[in-house]
Amino acid sequence: MKKLLLITLAFTMSYAVNAQITTPQPSPFSKIEQKVGLTDVTLEYSRPSMRGRVIFGDLVPFGKVWRTGANARTKITFSEDVTVGGTSLKAGSYAILTIPQADKWDVIFYTDYESSGAPKELDETKVAARTTVEVYPIEMDIQSFTISFDDLTTSSAVLGMLWEKVYVGVKFEVPTDDAVMTSIDKVMSGPGFGDYYAAAGYFLSEGKDLDKAKKWIDKAMAMNDNPRFWQLRQQSLIYAAAGDKAGAIDLAKKSLAAAEEAGNADYVKMNKESIAEWMQ
């Protein structure tokens with residue numbers, strides 16, 4: 001009997017130790033991975049909610065350092081060197097600290113990203129970059145603190161922060177053009193179809209030397225025995241941008257015929273619209 005009681009007690013204690021109740025976090029963790037140009041950017045943060053509270057000027061006091069979220073410090077990681085507010089940030093991870101005011105925020109990229117909470121005092125030796133941004137009021141309440149990647153281009157993005165009726169945006173720039181130009185210069189000594197095609201497309205999208213883009217796309221297509229309708233479409237766009245409307249129309253007609261044969265309605269429509277535009 002005594003042995004049975006001991007076994008029962010051991011089982012009960014084991015169950016009590018191992019039993020766990022899992023509940024949702026009040027400020028759930030979020031992780032966003034965003035490609036900006038050729039740079040990988042990763043953002044990790046926790047998202048507190050309003051829950052009927054006044055946020056800025058109360059829960060988040062004006063003029064004091066905020067960890068810009070909840071729980072651990074908000075962390076951002078760049079795969080390449082970037083520029084924020086004219087200051088160069090080396091590739092790596094940073095905490096995003098902020099000092100909110102009613103009309104502006106100071107946004108600080110801080111090298112100590114592993115600590116929790118906001119530092120009582122900023123260590124200026126750990127401030128990698130600091131910039132001041134304007135507060136934009138919005139009409140509706142944003143219930144959960146949100147950070148987004150806005151206004152994406154090949155060379156920049158805006159890190160948007162929204163909560164309550166407030167939006168602030170921090171622009172950062174990435175070295176896409178330097179990387180692409182270095183790559184183009186490197187491979188042009190012995191480029192193939194893909195190299196010429198990609199280089200020409202980049203020059204078109206970035207408004208660079210269109211005559212050079214035209215030469216490169218011609219070289220690319222000369223290496224292609226069976227160009228597809230989207231490749232002919234790209235060639236026609238480069239011709240048009242370079243001012244050769246007649247050549248662009250001829251290529252667009254070839255792309256149109258190939259798109260009709262392939263049953264691609266989108267390219268049929270785009271080519272017809274371009275031909276009509278270029279014939280004016």
# chains A, B, ... in the order shown; residues from 1 in each chain; ligands from 1
$ residues_around --residues "Thr146 (chain A)" --least-positions-apart "5" --cutoff "7 Å" --atoms "only C-alpha atoms" --output "list in words"
Arg47, Met161, Leu162 and Trp163 of chain A
$ write_last_selection --atoms "N, CA and C atoms" --output "PDB file, in the first residue's frame"
ATOM      1  N   ARG A  47       4.903  43.558 -30.909  1.00  0.00           N
ATOM      2  CA  ARG A  47       3.852  44.495 -31.312  1.00  0.00           C
ATOM      3  C   ARG A  47       2.814  44.704 -30.200  1.00  0.00           C
ATOM      4  N   MET A 161       6.742  53.528 -39.230  1.00  0.00           N
ATOM      5  CA  MET A 161       6.285  53.127 -37.900  1.00  0.00           C
ATOM      6  C   MET A 161       4.923  53.756 -37.640  1.00  0.00           C
ATOM      7  N   LEU A 162       3.938  52.917 -37.307  1.00  0.00           N
ATOM      8  CA  LEU A 162       2.565  53.365 -37.120  1.00  0.00           C
ATOM      9  C   LEU A 162       2.025  52.846 -35.793  1.00  0.00           C
ATOM     10  N   TRP A 163       1.353  53.739 -35.072  1.00  0.00           N
ATOM     11  CA  TRP A 163       0.618  53.336 -33.866  1.00  0.00           C
ATOM     12  C   TRP A 163      -0.274  54.490 -33.472  1.00  0.00           C
TER      13      TRP A 163
END
$ residues_around --residues "Ser79 (chain A)" --least-positions-apart "5" --cutoff "8 Å" --atoms "only C-alpha atoms" --output "list of chain:residue names"
A:Thr39, A:Asp40, A:Val41, A:Ala91, A:Gly92
$ write_last_selection --atoms "N, CA and C atoms" --output "PDB file, in the first residue's frame"
ATOM      1  N   THR A  39      20.091  44.331 -51.261  1.00  0.00           N
ATOM      2  CA  THR A  39      20.393  44.246 -49.832  1.00  0.00           C
ATOM      3  C   THR A  39      19.274  43.523 -49.090  1.00  0.00           C
ATOM      4  N   ASP A  40      19.641  42.541 -48.273  1.00  0.00           N
ATOM      5  CA  ASP A  40      18.678  41.834 -47.431  1.00  0.00           C
ATOM      6  C   ASP A  40      18.527  42.586 -46.112  1.00  0.00           C
ATOM      7  N   VAL A  41      17.278  42.890 -45.759  1.00  0.00           N
ATOM      8  CA  VAL A  41      16.997  43.581 -44.509  1.00  0.00           C
ATOM      9  C   VAL A  41      16.030  42.727 -43.694  1.00  0.00           C
ATOM     10  N   ALA A  91      27.217  47.059 -42.423  1.00  0.00           N
ATOM     11  CA  ALA A  91      26.388  45.848 -42.429  1.00  0.00           C
ATOM     12  C   ALA A  91      26.403  45.226 -41.040  1.00  0.00           C
ATOM     13  N   GLY A  92      25.253  44.750 -40.595  1.00  0.00           N
ATOM     14  CA  GLY A  92      25.162  44.160 -39.264  1.00  0.00           C
ATOM     15  C   GLY A  92      23.822  44.447 -38.634  1.00  0.00           C
TER      16      GLY A  92
END
$ residues_around --residues "region 221-228 of chain A" --least-positions-apart "3" --cutoff "9 Å" --atoms "only C-alpha atoms" --output "number ranges by chain"
A: 192-193, 196-197, 216-218, 231-233, 235, 255, 258-259
$ write_last_selection --atoms "C-alpha atoms" --output "tab-separated table (two decimals), in the first residue's frame"
chain	number	residue	atom	x	y	z
A	192	GLY	CA	26.78	36.15	-72.62
A	193	PHE	CA	23.12	36.57	-73.48
A	196	TYR	CA	23.84	41.71	-71.96
A	197	TYR	CA	20.09	41.31	-71.38
A	216	TRP	CA	23.60	45.55	-75.35
A	217	ILE	CA	20.06	44.33	-76.02
A	218	ASP	CA	20.93	43.93	-79.71
A	231	GLN	CA	12.38	39.39	-74.57
A	232	LEU	CA	11.21	41.06	-77.77
A	233	ARG	CA	8.98	43.28	-75.65
A	235	GLN	CA	13.95	45.11	-76.71
A	255	SER	CA	6.43	40.35	-79.72
A	258	ALA	CA	4.69	35.61	-80.53
A	259	ALA	CA	2.41	36.52	-77.59
$ select_by_dssp --residues "region 1-228 of chain A" --states "alpha helix (DSSP H)" --output "PyMOL selection string"
chain A and resi 2-18+176-187+193-205+210-222
$ residues_around --residues "Ile249 (chain A)" --least-positions-apart "6" --cutoff "8 Å" --atoms "only C-alpha atoms" --output "ChimeraX atom specification"
/A:236,274-275,278-279
$ residues_around --residues "Thr42 (chain A)" --least-positions-apart "3" --cutoff "7 Å" --atoms "only C-alpha atoms" --output "PyMOL selection string"
chain A and resi 32-34+76-78
$ write_last_selection --atoms "N, CA and C atoms" --output "CSV table (one decimal), in the first residue's frame"
chain,number,residue,atom,x,y,z
A,32,ILE,N,10.1,40.3,-40.2
A,32,ILE,CA,9.9,40.6,-41.6
A,32,ILE,C,11.3,40.6,-42.3
A,33,GLU,N,11.3,39.9,-43.5
A,33,GLU,CA,12.5,39.9,-44.3
A,33,GLU,C,12.2,40.6,-45.6
A,34,GLN,N,12.9,41.6,-45.9
A,34,GLN,CA,12.7,42.4,-47.1
A,34,GLN,C,13.9,42.6,-47.9
A,76,ILE,N,17.1,45.5,-36.2
A,76,ILE,CA,17.1,45.5,-37.7
A,76,ILE,C,18.5,45.0,-38.1
A,77,THR,N,18.6,44.2,-39.2
A,77,THR,CA,19.8,43.7,-39.7
A,77,THR,C,20.0,44.0,-41.2
A,78,PHE,N,21.1,44.5,-41.6
A,78,PHE,CA,21.4,44.8,-43.0
A,78,PHE,C,22.5,43.9,-43.5
